[in-house]
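S.K.: What follows is protein_25.cif; its format and atoms are mmCIF, C-alpha atoms (C1' of nucleotides).
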```
data_target
loop_
_atom_site.label_atom_id
_atom_site.label_comp_id
_atom_site.auth_asym_id
_atom_site.auth_seq_id
_atom_site.Cartn_x
_atom_site.Cartn_y
_atom_site.Cartn_z
CA MET A 1 192.97 60.32 92.80
CA ASN A 2 192.30 60.66 89.09
CA LEU A 3 188.99 61.72 87.60
CA HIS A 4 187.98 58.19 86.68
CA ASN A 5 188.30 56.96 90.24
CA PHE A 6 186.77 60.08 91.69
CA LEU A 7 183.64 59.70 89.58
CA ASN A 8 183.38 56.06 90.51
CA SER A 9 183.82 56.74 94.21
CA ILE A 10 180.73 58.94 94.26
CA ILE A 11 178.50 56.80 92.05
CA PRO A 12 179.56 53.29 90.94
CA PHE A 13 178.84 53.65 87.24
CA PRO A 14 178.74 50.69 84.82
CA PRO A 15 182.20 50.59 83.14
CA GLU A 16 181.04 51.66 79.66
CA GLN A 17 179.04 54.58 81.05
CA LEU A 18 181.94 55.66 83.22
CA GLN A 19 184.21 55.64 80.20
CA ILE A 20 181.87 57.85 78.20
CA ILE A 21 181.43 60.28 81.06
CA ARG A 22 185.15 60.37 81.80
CA ASN A 23 185.89 61.13 78.15
CA ALA A 24 183.50 64.06 78.14
CA PHE A 25 186.08 65.93 80.23
CA GLU A 26 189.09 67.59 78.64
CA LYS A 27 192.42 68.12 80.32
CA GLU A 28 193.57 71.72 80.87
CA THR A 29 196.64 73.01 82.65
CA PHE A 30 197.24 76.55 83.89
CA SER A 31 199.92 78.15 85.98
CA LYS A 32 199.65 79.91 89.32
CA GLY A 33 197.80 83.21 89.19
CA HIS A 34 195.66 82.32 86.17
CA ARG A 35 192.15 83.73 86.40
CA LEU A 36 189.75 80.90 85.58
CA ILE A 37 186.58 82.97 85.94
CA ASN A 38 186.35 86.76 85.84
CA VAL A 39 183.77 88.92 87.58
CA GLY A 40 180.77 89.42 85.30
CA GLU A 41 181.48 86.33 83.22
CA THR A 42 179.28 83.27 83.36
CA CYS A 43 181.14 80.15 84.43
CA LYS A 44 180.69 77.79 81.50
CA LYS A 45 182.59 74.75 82.73
CA LEU A 46 182.72 72.38 85.63
CA TYR A 47 186.29 71.43 86.51
CA TYR A 48 187.82 68.50 88.28
CA LEU A 49 190.91 69.79 90.07
CA GLU A 50 193.39 66.93 89.99
CA THR A 51 196.36 68.82 91.43
CA GLY A 52 196.78 72.37 92.73
CA LEU A 53 194.79 74.87 94.74
CA ALA A 54 192.36 77.66 93.83
CA ARG A 55 190.05 80.24 95.38
CA SER A 56 187.02 82.39 94.59
CA TYR A 57 186.99 85.97 95.84
CA TYR A 58 185.51 89.41 95.36
CA SER A 59 186.63 92.94 96.15
CA ASN A 60 184.48 94.69 98.72
CA ASP A 61 183.60 98.38 98.71
CA LYS A 62 186.89 99.24 100.42
CA GLY A 63 188.83 97.42 97.71
CA LYS A 64 189.76 94.55 99.98
CA GLU A 65 189.76 91.05 98.51
CA ILE A 66 187.45 88.67 100.33
CA THR A 67 188.05 84.96 99.74
CA VAL A 68 184.72 83.19 99.55
CA TRP A 69 185.77 79.66 98.77
CA PHE A 70 188.84 77.45 98.46
CA PHE A 71 189.09 74.55 96.03
CA ASN A 72 191.21 71.63 97.10
CA ASP A 73 192.78 69.10 94.78
CA ASN A 74 190.85 65.88 94.09
CA ASN A 75 187.59 67.75 94.05
CA PHE A 76 185.37 69.67 91.70
CA LEU A 77 185.87 73.36 91.12
CA VAL A 78 183.11 75.59 89.85
CA GLY A 79 181.85 79.15 90.00
CA MET A 80 179.54 78.48 92.94
CA ASP A 81 177.33 81.50 92.30
CA SER A 82 177.41 81.24 88.53
CA PHE A 83 177.69 77.76 87.05
CA PHE A 84 174.56 76.09 88.40
CA ASN A 85 172.19 78.87 87.40
CA GLN A 86 174.31 80.16 84.50
CA GLN A 87 174.27 83.73 85.73
CA PRO A 88 177.13 86.25 85.62
CA SER A 89 179.57 85.66 88.42
CA ILE A 90 180.07 88.17 91.21
CA TYR A 91 183.23 86.32 92.25
CA ALA A 92 186.50 85.83 90.42
CA THR A 93 188.21 82.46 90.60
CA GLU A 94 192.00 82.22 90.40
CA LEU A 95 194.65 79.57 90.83
CA LEU A 96 196.87 79.76 93.92
CA GLU A 97 199.19 77.09 92.50
CA ASP A 98 199.89 75.51 89.12
CA CYS A 99 196.88 73.31 88.41
CA THR A 100 195.88 70.29 86.36
CA LEU A 101 192.17 70.40 85.60
CA TYR A 102 189.62 68.36 83.68
CA ALA A 103 186.80 70.42 82.26
CA ILE A 104 183.30 69.71 80.99
CA SER A 105 180.98 72.33 79.53
CA TYR A 106 177.58 73.13 81.04
CA GLU A 107 175.87 71.91 77.88
CA LYS A 108 177.76 68.63 77.71
CA LEU A 109 177.11 68.03 81.39
CA HIS A 110 173.39 68.54 80.88
CA ASP A 111 173.43 66.24 77.87
CA LEU A 112 174.83 63.59 80.21
CA PHE A 113 172.14 64.43 82.78
CA ASP A 114 169.50 63.86 80.07
CA GLN A 115 171.12 60.71 78.82
CA TYR A 116 171.91 58.88 82.03
CA HIS A 117 169.70 58.62 85.07
CA LEU A 118 172.80 57.74 87.10
CA MET A 119 174.54 60.89 85.94
CA GLU A 120 171.64 62.93 87.21
CA ARG A 121 172.07 61.15 90.51
CA PHE A 122 175.76 61.95 90.43
CA GLY A 123 174.88 65.64 90.13
CA ARG A 124 172.47 65.41 93.03
CA VAL A 125 174.88 63.56 95.32
CA LEU A 126 177.74 65.89 94.43
CA ILE A 127 175.79 69.03 95.24
CA THR A 128 174.54 67.42 98.42
CA GLN A 129 178.16 66.94 99.45
CA ILE A 130 179.08 70.53 98.62
CA MET A 131 176.09 71.66 100.65
CA GLY A 132 177.24 69.60 103.60
CA ALA A 133 180.57 71.42 103.57
CA MET A 134 178.72 74.74 103.45
CA VAL A 135 176.53 73.85 106.41
CA ASP A 136 179.68 73.14 108.43
CA ARG A 137 181.34 76.34 107.36
CA LEU A 138 178.30 78.45 108.06
CA SER A 139 178.04 77.23 111.61
CA ALA A 140 181.77 77.75 112.09
CA ILE A 141 181.68 81.33 110.92
CA GLN A 142 178.42 82.30 112.51
CA PHE A 143 179.11 82.52 116.18
CA GLN A 144 182.72 81.80 116.89
CA THR A 145 185.76 83.83 117.83
CA ALA A 146 188.65 84.35 115.42
CA GLN A 147 190.64 81.72 117.29
CA GLU A 148 187.86 79.12 117.03
CA ARG A 149 187.41 79.79 113.34
CA TYR A 150 191.09 79.26 112.73
CA ASP A 151 191.01 76.00 114.69
CA PHE A 152 188.08 74.89 112.54
CA MET A 153 190.06 75.73 109.42
CA LEU A 154 193.10 73.84 110.68
CA LYS A 155 190.97 70.79 111.35
CA THR A 156 188.94 70.92 108.15
CA TYR A 157 191.45 72.15 105.59
CA PRO A 158 194.92 71.53 107.04
CA LYS A 159 196.43 71.41 103.56
CA ILE A 160 195.11 74.83 102.58
CA VAL A 161 196.27 76.52 105.78
CA TYR A 162 199.89 75.86 104.93
CA ARG A 163 199.67 76.52 101.21
CA ALA A 164 197.52 79.64 100.78
CA PRO A 165 198.74 83.17 101.62
CA LEU A 166 197.84 84.40 105.08
CA GLY A 167 195.72 87.33 103.93
CA THR A 168 193.70 85.02 101.72
CA ILE A 169 192.91 82.70 104.60
CA ALA A 170 192.14 85.59 106.92
CA SER A 171 189.46 87.01 104.64
CA TYR A 172 188.00 83.53 104.20
CA LEU A 173 187.65 83.33 107.97
CA GLY A 174 186.16 86.82 108.13
CA ILE A 175 189.05 88.32 110.11
CA THR A 176 191.92 90.68 109.25
CA GLN A 177 195.34 89.32 108.42
CA GLU A 178 196.85 91.09 111.43
CA THR A 179 194.52 89.19 113.72
CA LEU A 180 195.35 85.90 112.01
CA SER A 181 199.05 86.61 112.25
CA ARG A 182 198.66 87.20 116.00
CA ILE A 183 196.68 84.01 116.45
CA ARG A 184 199.41 82.06 114.70
CA SER A 185 202.27 83.64 116.62
CA LYS A 186 200.93 82.43 119.97
CA HIS A 187 200.76 78.87 118.59
CA MET Z 1 151.19 77.74 96.71
CA ASN Z 2 150.18 74.13 97.28
CA LEU Z 3 152.54 71.17 96.97
CA HIS Z 4 151.25 70.18 93.55
CA ASN Z 5 152.03 73.56 92.04
CA PHE Z 6 155.29 73.87 93.88
CA LEU Z 7 156.58 70.58 92.50
CA ASN Z 8 155.50 71.55 89.03
CA SER Z 9 157.12 74.98 89.23
CA ILE Z 10 160.53 73.41 89.80
CA ILE Z 11 160.25 70.58 87.27
CA PRO Z 12 157.34 70.37 84.83
CA PHE Z 13 156.39 66.73 85.41
CA PRO Z 14 153.99 64.80 83.15
CA PRO Z 15 150.55 64.93 84.87
CA GLU Z 16 150.38 61.25 85.87
CA GLN Z 17 153.88 61.32 87.32
CA LEU Z 18 153.15 64.50 89.20
CA GLN Z 19 150.05 62.90 90.66
CA ILE Z 20 151.98 59.87 91.91
CA ILE Z 21 154.72 62.00 93.39
CA ARG Z 22 152.26 64.39 95.00
CA ASN Z 23 150.41 61.47 96.58
CA ALA Z 24 153.59 60.10 98.12
CA PHE Z 25 153.41 63.02 100.57
CA GLU Z 26 151.19 62.90 103.63
CA LYS Z 27 149.65 65.89 105.32
CA GLU Z 28 150.69 66.64 108.92
CA THR Z 29 149.75 69.56 111.13
CA PHE Z 30 151.51 70.64 114.32
CA SER Z 31 151.17 73.62 116.56
CA LYS Z 32 153.70 76.28 117.46
CA GLY Z 33 156.59 75.06 119.57
CA HIS Z 34 156.44 71.46 118.32
CA ARG Z 35 159.89 69.91 117.95
CA LEU Z 36 160.01 68.29 114.53
CA ILE Z 37 163.56 66.94 114.88
CA ASN Z 38 165.45 66.45 118.13
CA VAL Z 39 169.21 66.60 118.60
CA GLY Z 40 170.70 63.15 118.07
CA GLU Z 41 167.77 61.90 116.00
CA THR Z 42 168.10 61.24 112.31
CA CYS Z 43 165.70 63.29 110.23
CA LYS Z 44 163.63 60.69 108.42
CA LYS Z 45 161.31 62.90 106.40
CA LEU Z 46 161.42 65.70 103.90
CA TYR Z 47 158.64 68.21 104.51
CA TYR Z 48 156.89 70.72 102.32
CA LEU Z 49 155.95 73.64 104.56
CA GLU Z 50 152.68 74.95 103.15
CA THR Z 51 151.94 77.46 105.90
CA GLY Z 52 153.86 78.54 109.01
CA LEU Z 53 157.46 79.17 109.99
CA ALA Z 54 160.20 77.00 111.51
CA ARG Z 55 163.85 77.08 112.50
CA SER Z 56 166.81 74.80 113.17
CA TYR Z 57 169.08 75.61 116.11
CA TYR Z 58 171.59 74.23 118.56
CA SER Z 59 172.73 75.19 122.04
CA ASN Z 60 176.34 76.32 122.22
CA ASP Z 61 178.74 75.62 125.09
CA LYS Z 62 177.39 78.59 127.03
CA GLY Z 63 173.85 77.25 126.71
CA LYS Z 64 172.81 79.90 124.23
CA GLU Z 65 170.53 78.86 121.38
CA ILE Z 66 172.01 79.57 117.97
CA THR Z 67 169.56 79.62 115.06
CA VAL Z 68 171.18 78.02 112.06
CA TRP Z 69 168.38 78.10 109.56
CA PHE Z 70 164.86 79.45 109.02
CA PHE Z 71 162.22 77.65 106.97
CA ASN Z 72 159.73 79.82 105.16
CA ASP Z 73 156.30 78.71 104.00
CA ASN Z 74 155.97 77.46 100.42
CA ASN Z 75 159.31 75.73 100.64
CA PHE Z 76 160.83 72.48 101.73
CA LEU Z 77 161.92 71.91 105.29
CA VAL Z 78 164.50 69.33 106.22
CA GLY Z 79 167.19 68.60 108.77
CA MET Z 80 169.95 70.15 106.67
CA ASP Z 81 172.77 68.33 108.44
CA SER Z 82 170.90 65.06 108.86
CA PHE Z 83 168.39 64.16 106.16
CA PHE Z 84 170.59 64.00 103.10
CA ASN Z 85 173.28 61.82 104.62
CA GLN Z 86 170.97 60.15 107.18
CA GLN Z 87 173.22 60.93 110.11
CA PRO Z 88 172.15 61.97 113.61
CA SER Z 89 171.26 65.63 113.74
CA ILE Z 90 173.30 68.11 115.73
CA TYR Z 91 170.50 70.66 115.33
CA ALA Z 92 166.96 70.63 116.65
CA THR Z 93 164.16 71.85 114.39
CA GLU Z 94 161.09 73.47 115.91
CA LEU Z 95 158.01 75.29 114.69
CA LEU Z 96 157.81 79.03 115.33
CA GLU Z 97 154.15 79.09 114.26
CA ASP Z 98 151.36 76.56 113.73
CA CYS Z 99 152.30 74.70 110.57
CA THR Z 100 150.74 72.66 107.80
CA LEU Z 101 153.26 70.24 106.37
CA TYR Z 102 153.39 67.52 103.75
CA ALA Z 103 155.88 64.78 104.52
CA ILE Z 104 157.65 62.09 102.53
CA SER Z 105 159.99 59.52 104.06
CA TYR Z 106 163.63 59.19 103.00
CA GLU Z 107 162.95 55.70 101.66
CA LYS Z 108 159.91 56.71 99.66
CA LEU Z 109 161.79 59.67 98.24
CA HIS Z 110 164.63 57.45 97.12
CA ASP Z 111 162.18 55.00 95.60
CA LEU Z 112 160.94 57.91 93.51
CA PHE Z 113 164.52 58.86 92.65
CA ASP Z 114 165.07 55.30 91.41
CA GLN Z 115 161.80 55.18 89.55
CA TYR Z 116 161.78 58.52 87.78
CA HIS Z 117 164.71 60.19 86.09
CA LEU Z 118 162.85 63.51 86.37
CA MET Z 119 162.46 63.04 90.11
CA GLU Z 120 166.20 62.65 90.42
CA ARG Z 121 166.53 65.90 88.52
CA PHE Z 122 164.04 67.48 90.86
CA GLY Z 123 166.28 66.55 93.76
CA ARG Z 124 169.31 67.99 92.03
CA VAL Z 125 167.63 71.27 91.11
CA LEU Z 126 166.14 71.64 94.56
CA ILE Z 127 169.45 71.23 96.34
CA THR Z 128 171.08 73.56 93.85
CA GLN Z 129 168.54 76.19 94.88
CA ILE Z 130 169.15 75.62 98.56
CA MET Z 131 172.86 75.93 97.92
CA GLY Z 132 172.34 79.22 96.12
CA ALA Z 133 170.64 80.61 99.22
CA MET Z 134 173.54 79.39 101.33
CA VAL Z 135 176.13 81.04 99.11
CA ASP Z 136 174.30 84.34 99.53
CA ARG Z 137 174.05 83.93 103.29
CA LEU Z 138 177.69 82.99 103.66
CA SER Z 139 178.88 86.11 101.88
CA ALA Z 140 176.46 88.22 103.91
CA ILE Z 141 177.67 86.88 107.22
CA GLN Z 142 181.36 86.66 106.41
CA PHE Z 143 182.64 90.19 106.39
CA GLN Z 144 179.88 92.56 107.22
CA THR Z 145 178.89 94.64 110.20
CA ALA Z 146 175.86 93.83 112.32
CA GLN Z 147 173.92 96.59 110.55
CA GLU Z 148 174.73 95.23 107.10
CA ARG Z 149 173.74 91.72 108.09
CA TYR Z 150 170.41 92.96 109.32
CA ASP Z 151 169.84 94.87 106.09
CA PHE Z 152 170.59 91.67 104.18
CA MET Z 153 168.05 89.82 106.28
CA LEU Z 154 165.42 92.51 105.73
CA LYS Z 155 165.96 92.33 102.00
CA THR Z 156 166.15 88.54 101.73
CA TYR Z 157 163.64 87.36 104.32
CA PRO Z 158 161.34 90.31 105.06
CA LYS Z 159 158.56 87.99 106.18
CA ILE Z 160 160.71 86.23 108.76
CA VAL Z 161 162.04 89.46 110.25
CA TYR Z 162 158.60 90.45 111.44
CA ARG Z 163 157.41 87.02 112.50
CA ALA Z 164 160.33 85.39 114.32
CA PRO Z 165 161.40 86.42 117.86
CA LEU Z 166 164.21 88.95 117.97
CA GLY Z 167 166.67 86.72 119.84
CA THR Z 168 166.15 84.02 117.25
CA ILE Z 169 166.97 86.35 114.39
CA ALA Z 170 169.95 87.82 116.24
CA SER Z 171 171.63 84.44 116.68
CA TYR Z 172 170.93 83.63 113.03
CA LEU Z 173 172.81 86.80 112.08
CA GLY Z 174 175.64 85.98 114.48
CA ILE Z 175 175.01 88.97 116.75
CA THR Z 176 173.50 89.39 120.24
CA GLN Z 177 169.89 90.31 120.69
CA GLU Z 178 170.90 93.51 122.49
CA THR Z 179 172.84 94.62 119.43
CA LEU Z 180 169.93 93.77 117.15
CA SER Z 181 167.52 95.63 119.40
CA ARG Z 182 169.75 98.72 119.20
CA ILE Z 183 169.99 98.46 115.42
CA ARG Z 184 166.22 98.34 115.19
CA SER Z 185 165.64 101.23 117.57
CA LYS Z 186 167.56 103.66 115.37
CA HIS Z 187 165.38 102.68 112.40
"C1'" DC H 1 223.93 88.11 94.97
"C1'" DT H 2 221.58 92.53 95.36
"C1'" DC H 3 217.59 95.29 94.70
"C1'" DT H 4 212.64 95.64 94.49
"C1'" DC H 5 208.23 94.27 95.59
"C1'" DT H 6 205.18 91.63 98.28
"C1'" DT H 7 203.77 89.41 102.45
"C1'" DT H 8 203.95 88.92 107.33
"C1'" DT H 9 204.76 90.56 111.88
"C1'" DT H 10 204.59 93.80 115.63
"C1'" DG H 11 202.95 97.98 118.14
"C1'" DA H 12 199.69 101.69 119.53
"C1'" DT H 13 195.12 103.15 119.40
"C1'" DT H 14 190.14 103.07 118.35
"C1'" DT H 15 185.70 101.07 117.80
"C1'" DA H 16 182.00 97.96 117.30
"C1'" DT H 17 179.93 94.65 119.67
"C1'" DG H 18 179.65 91.54 123.67
"C1'" DT H 19 178.49 90.95 128.62
"C1'" DC H 20 176.00 91.76 132.68
"C1'" DA H 21 172.08 93.71 134.92
"C1'" DA H 22 167.72 95.53 135.44
"C1'" DA H 23 163.48 97.73 133.80
"C1'" DA H 24 159.68 97.82 130.55
"C1'" DG H 25 156.62 95.57 127.59
"C1'" DA H 26 154.13 91.38 125.68
"C1'" DT H 27 152.11 86.96 125.89
"C1'" DT H 28 150.23 83.03 128.01
"C1'" DA H 29 148.08 80.61 131.59
"C1'" DT H 30 145.30 80.37 135.87
"C1'" DA I 1 141.48 90.04 135.17
"C1'" DT I 2 145.69 89.01 137.47
"C1'" DA I 3 149.69 86.60 137.99
"C1'" DA I 4 153.46 84.42 135.95
"C1'" DT I 5 156.50 83.89 132.25
"C1'" DC I 6 158.81 85.23 128.32
"C1'" DT I 7 160.68 88.90 125.18
"C1'" DT I 8 162.53 93.32 124.21
"C1'" DT I 9 164.71 97.55 125.49
"C1'" DT I 10 168.00 100.43 127.88
"C1'" DG I 11 172.29 101.48 130.45
"C1'" DA I 12 177.12 100.94 132.05
"C1'" DC I 13 181.17 98.71 131.24
"C1'" DA I 14 184.59 95.29 129.20
"C1'" DT I 15 186.92 93.34 125.38
"C1'" DA I 16 187.99 91.22 121.00
"C1'" DA I 17 189.22 92.56 116.92
"C1'" DA I 18 189.69 96.50 113.48
"C1'" DT I 19 192.51 100.26 111.90
"C1'" DC I 20 196.62 102.74 111.02
"C1'" DA I 21 201.46 102.67 110.68
"C1'" DA I 22 205.88 101.01 110.22
"C1'" DA I 23 209.44 97.43 110.65
"C1'" DA I 24 210.92 92.76 109.44
"C1'" DA I 25 210.96 88.84 106.64
"C1'" DG I 26 210.46 86.47 102.31
"C1'" DA I 27 210.12 85.92 97.22
"C1'" DG I 28 211.07 87.07 92.55
"C1'" DA I 29 213.69 89.68 88.88
"C1'" DG I 30 217.74 91.30 86.86
#
```
Go through the file and emit its structure as structure tokens.
M.R.:
Amino acid sequence: MNLHNFLNSIIPFPPEQLQIIRNAFEKETFSKGHRLINVGETCKKLYYLETGLARSYYSNDKGKEITVWFFNDNNFLVGMDSFFNQQPSIYATELLEDCTLYAISYEKLHDLFDQYHLMERFGRVLITQIMGAMVDRLSAIQFQTAQERYDFMLKTYPKIVYRAPLGTIASYLGITQETLSRIRSKH
Amino acid sequence: MNLHNFLNSIIPFPPEQLQIIRNAFEKETFSKGHRLINVGETCKKLYYLETGLARSYYSNDKGKEITVWFFNDNNFLVGMDSFFNQQPSIYATELLEDCTLYAISYEKLHDLFDQYHLMERFGRVLITQIMGAMVDRLSAIQFQTAQERYDFMLKTYPKIVYRAPLGTIASYLGITQETLSRIRSKH
DNA sequence: CTCTCTTTTTGATTTATGTCAAAAGATTAT
DNA sequence: ATAATCTTTTGACATAAATCAAAAAGAGAG
């Protein structure tokens, strides 16, 4: 789904408004491994991820990388802990595949919020959706065994499971990669 | 902090608007143990919790109650998985103390969203805040020991730690109450 | 195609935390 | 007050998953 249709699927904007909003985004392409947001930087843009896959992660005190969030294609990508409050990020965000993105700056986005009531609604509905996904994930991670968490992941993000490296998924699920490997090997 | 000031602290509304919005809420008081939302019901109201404490929880397959969310005073309270998308709740929400609440119906709230651009912004900012808290909680629960999770809880919700029952807190942290009891006993 | 580097798998062992059970301590109701 | 109920603590034991280590498989570079 392209950006135009994605925007419209969340809020049915009047055509002229949709055009203006759509054109506020600029296309960017990066290749696999590119770091979109570094630790300590403030995330200045909201991205629409048209194709590709990305993740946010941090390194814990033992130097191990913990994946905090995956970003699927046909969805927005943003420094979850940084963009909305414009504070320095504690997570890095990197591309797991070559990606095509459409970016809008924080300032431009807020200009649109000021200008269009419907755009403000768009922001509200979008964050509500993101929150819904978080509620699901929280309850999955909170009181389930490694096996159950993996099943949840398979059900919820089947695409990611087969595209992201095993260690990356393991840390996202809060288990070690050895454990995940063992879960997989017994089907 | 009363509702009037709370609203104004998030978005500085023009006085007349603030008055109208404030008056759309109706005061309700319930005593400890009251079930505000039952499993299977759709949460029809957004509440401002002026005084008291509440939690959302569900019973897992072994019949154990898992606390999913606490609601502190001077904050909104809502069926997180139900209100925003108006779907039947999989969690129950009950009061852990006698509570004073101010309620607004989903319909009335959306009327205000339609009517006032600033109200729409209020909704967006509010959910952004809730999401921020969730991001923090997710990273706390994801890859930390029982001890570390408890320390996080102490730091983030000191009030709740000393007011909510131990078993309730334990399930919120994704550990058993025996483990939490042992963590506490060694200071 | 071969070598190097990275990722995944497999094995042996340890450890944190869960489970079960019962006692001690609080709270609430009669 | 006293009984009844609910909550927290303590103990013994079981277990899922972590850790450490090394082999196997896969991917990328020359």
S.K.: List as a Markdown table every residue of chain Z that is in contact with chain H, defined as an atom at most 12 Å from one of its atoms (using all atoms listed in the file), together with the nearest atom pair and the distance in Å rounded to one decimal, sorted by chain and then rising number.
M.R.:
```
| residue | atom | partner | partner_atom | distance |
| --- | --- | --- | --- | --- |
| Z:Gln144 | CA | H:DA16 | C1' | 11.6 |
| Z:Thr145 | CA | H:DA16 | C1' | 8.4 |
| Z:Ala146 | CA | H:DT17 | C1' | 8.4 |
| Z:Gln147 | CA | H:DA16 | C1' | 10.6 |
| Z:Pro165 | CA | H:DA26 | C1' | 11.8 |
| Z:Gly174 | CA | H:DT17 | C1' | 11.0 |
| Z:Ile175 | CA | H:DT17 | C1' | 8.1 |
| Z:Thr176 | CA | H:DG18 | C1' | 7.4 |
| Z:Gln177 | CA | H:DG18 | C1' | 10.3 |
| Z:Glu178 | CA | H:DG18 | C1' | 9.0 |
| Z:Thr179 | CA | H:DT17 | C1' | 7.1 |
| Z:Leu180 | CA | H:DT17 | C1' | 10.4 |
| Z:Arg182 | CA | H:DT17 | C1' | 11.0 |
| Z:Ile183 | CA | H:DT17 | C1' | 11.5 |
```
S.K.: Next, dump the selected residues to file, keeping only C-alpha atoms, as a PDB file, in the coordinates of the input.
M.R.:
```pdb
ATOM      1  CA  GLN Z 144     179.880  92.560 107.220  1.00  0.00           C
ATOM      2  CA  THR Z 145     178.890  94.640 110.200  1.00  0.00           C
ATOM      3  CA  ALA Z 146     175.860  93.830 112.320  1.00  0.00           C
ATOM      4  CA  GLN Z 147     173.920  96.590 110.550  1.00  0.00           C
ATOM      5  CA  PRO Z 165     161.400  86.420 117.860  1.00  0.00           C
ATOM      6  CA  GLY Z 174     175.640  85.980 114.480  1.00  0.00           C
ATOM      7  CA  ILE Z 175     175.010  88.970 116.750  1.00  0.00           C
ATOM      8  CA  THR Z 176     173.500  89.390 120.240  1.00  0.00           C
ATOM      9  CA  GLN Z 177     169.890  90.310 120.690  1.00  0.00           C
ATOM     10  CA  GLU Z 178     170.900  93.510 122.490  1.00  0.00           C
ATOM     11  CA  THR Z 179     172.840  94.620 119.430  1.00  0.00           C
ATOM     12  CA  LEU Z 180     169.930  93.770 117.150  1.00  0.00           C
ATOM     13  CA  ARG Z 182     169.750  98.720 119.200  1.00  0.00           C
ATOM     14  CA  ILE Z 183     169.990  98.460 115.420  1.00  0.00           C
TER      15      ILE Z 183
END
```
S.K.: When distances are computed from all atoms listed in the file, which of A:Lys45, A:Gly79, A:Val161, A:Thr100 shows the smallest separation from Asn2 (chain A)?
M.R.: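 Of the candidates, the smallest distance to Asn2 (chain A) is held by A:Thr100.
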S.K.: Figure out the distance between CA of Glu65 (chain Z) and CA of Ser171 (chain Z), please, to one decimal in Å.
M.R.: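 Value for the CA of Ser171 (chain Z)-CA of Glu65 (chain Z) distance: 7.4 Å.
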S.K.: Using only C-alpha atoms, which residues of chain Z come within 8 Å of chain A, and what is the closest atom pair for each, with the distance in Å to one decimal? Give it as CSV, sorted by chain and residue number.
M.R.:
```
residue,atom,partner,partner_atom,distance
Z:Ile66,CA,A:Phe143,CA,7.9
Z:Val68,CA,A:Ser139,CA,6.9
Z:Met80,CA,A:Val135,CA,7.6
Z:Asp81,CA,A:Gly132,CA,6.7
Z:Phe84,CA,A:Thr128,CA,7.0
Z:His117,CA,A:His117,CA,5.3
Z:Glu120,CA,A:Arg121,CA,6.1
Z:Arg121,CA,A:Glu120,CA,6.1
Z:Gly123,CA,A:Arg124,CA,6.3
Z:Arg124,CA,A:Arg124,CA,4.2
Z:Val125,CA,A:Arg124,CA,7.8
Z:Ile127,CA,A:Thr128,CA,6.7
Z:Thr128,CA,A:Ile127,CA,6.7
Z:Met131,CA,A:Met131,CA,6.0
Z:Gly132,CA,A:Asp81,CA,6.7
Z:Met134,CA,A:Met134,CA,7.3
Z:Val135,CA,A:Asp81,CA,6.9
Z:Leu138,CA,A:Leu138,CA,6.4
Z:Ser139,CA,A:Val68,CA,6.9
Z:Ile141,CA,A:Gln142,CA,7.0
Z:Gln142,CA,A:Gly174,CA,5.1
Z:Phe143,CA,A:Gly174,CA,5.2
Z:Ser171,CA,A:Phe143,CA,7.7
Z:Tyr172,CA,A:Gln142,CA,7.6
Z:Leu173,CA,A:Gln142,CA,7.2
Z:Gly174,CA,A:Gln142,CA,5.0
Z:Ile175,CA,A:Phe143,CA,7.7
```
S.K.: For a quick test of understanding: name the residues of chain I lying within 10 Å of chain Z when counting all atoms listed in the file, and present them as a PDB file with C-alpha atoms (C1' of nucleotides), in the frame of the given file.
M.R.:
```pdb
ATOM      1  C1'  DT I   7     160.680  88.900 125.180  1.00  0.00           C
ATOM      2  C1'  DT I   8     162.530  93.320 124.210  1.00  0.00           C
ATOM      3  C1'  DT I   9     164.710  97.550 125.490  1.00  0.00           C
ATOM      4  C1'  DT I  10     168.000 100.430 127.880  1.00  0.00           C
TER       5       DT I  10
END
```
S.K.: Expand the PyMOL selection byres ((chain Z and resi 157) around 12) into the individual residues it matches in the shown file, reporting them as an NGL selection string.
M.R.: :Z and (53 or 69-73 or 133 or 137 or 149-156 or 158-164 or 169 or 172)
S.K.: I'd like the contact shell of region 23-34 of chain Z - 8 Å cut-off, all atoms listed in the file, skipping same-chain residues fewer than 3 positions apart - returned as a PyMOL selection string.
M.R.: chain Z and resi 19-20+94-104+108
S.K.: How many Å separate C1' of DT15 (chain I) from CA of Glu148 (chain Z)?
M.R.: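 Separating C1' of DT15 (chain I) from CA of Glu148 (chain Z) is a distance of 22.1 Å.
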S.K.: Between CA of Asn5 (chain Z) and CA of Gln86 (chain A), what is the distance in Å, rounded to a tenth?
M.R.: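 Computing it gives 24.4 Å between the two atoms.
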S.K.: Hey, what comes out of the PyMOL selection byres ((chain A and resi 38) around 8) on this file? Could you write it as a list of chain:residue names?
M.R.: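 Taken on the displayed file, the PyMOL selection byres ((chain A and resi 38) around 8) yields the residues A:Arg35, A:Leu36, A:Ile37, A:Val39, A:Gly40, A:Glu41, A:Ser89, A:Tyr91, A:Ala92, A:Thr93.
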S.K.: Just checking: using all atoms listed in the file, which residue out of Z:Lys64, Z:Ile11, Z:Met1, Z:Gln87 ends up closest to Tyr48 (chain Z)?
M.R.: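 Checking each of Z:Lys64, Z:Ile11, Z:Met1, Z:Gln87 against Tyr48 (chain Z), counting all atoms listed in the file, the winner is Z:Met1.
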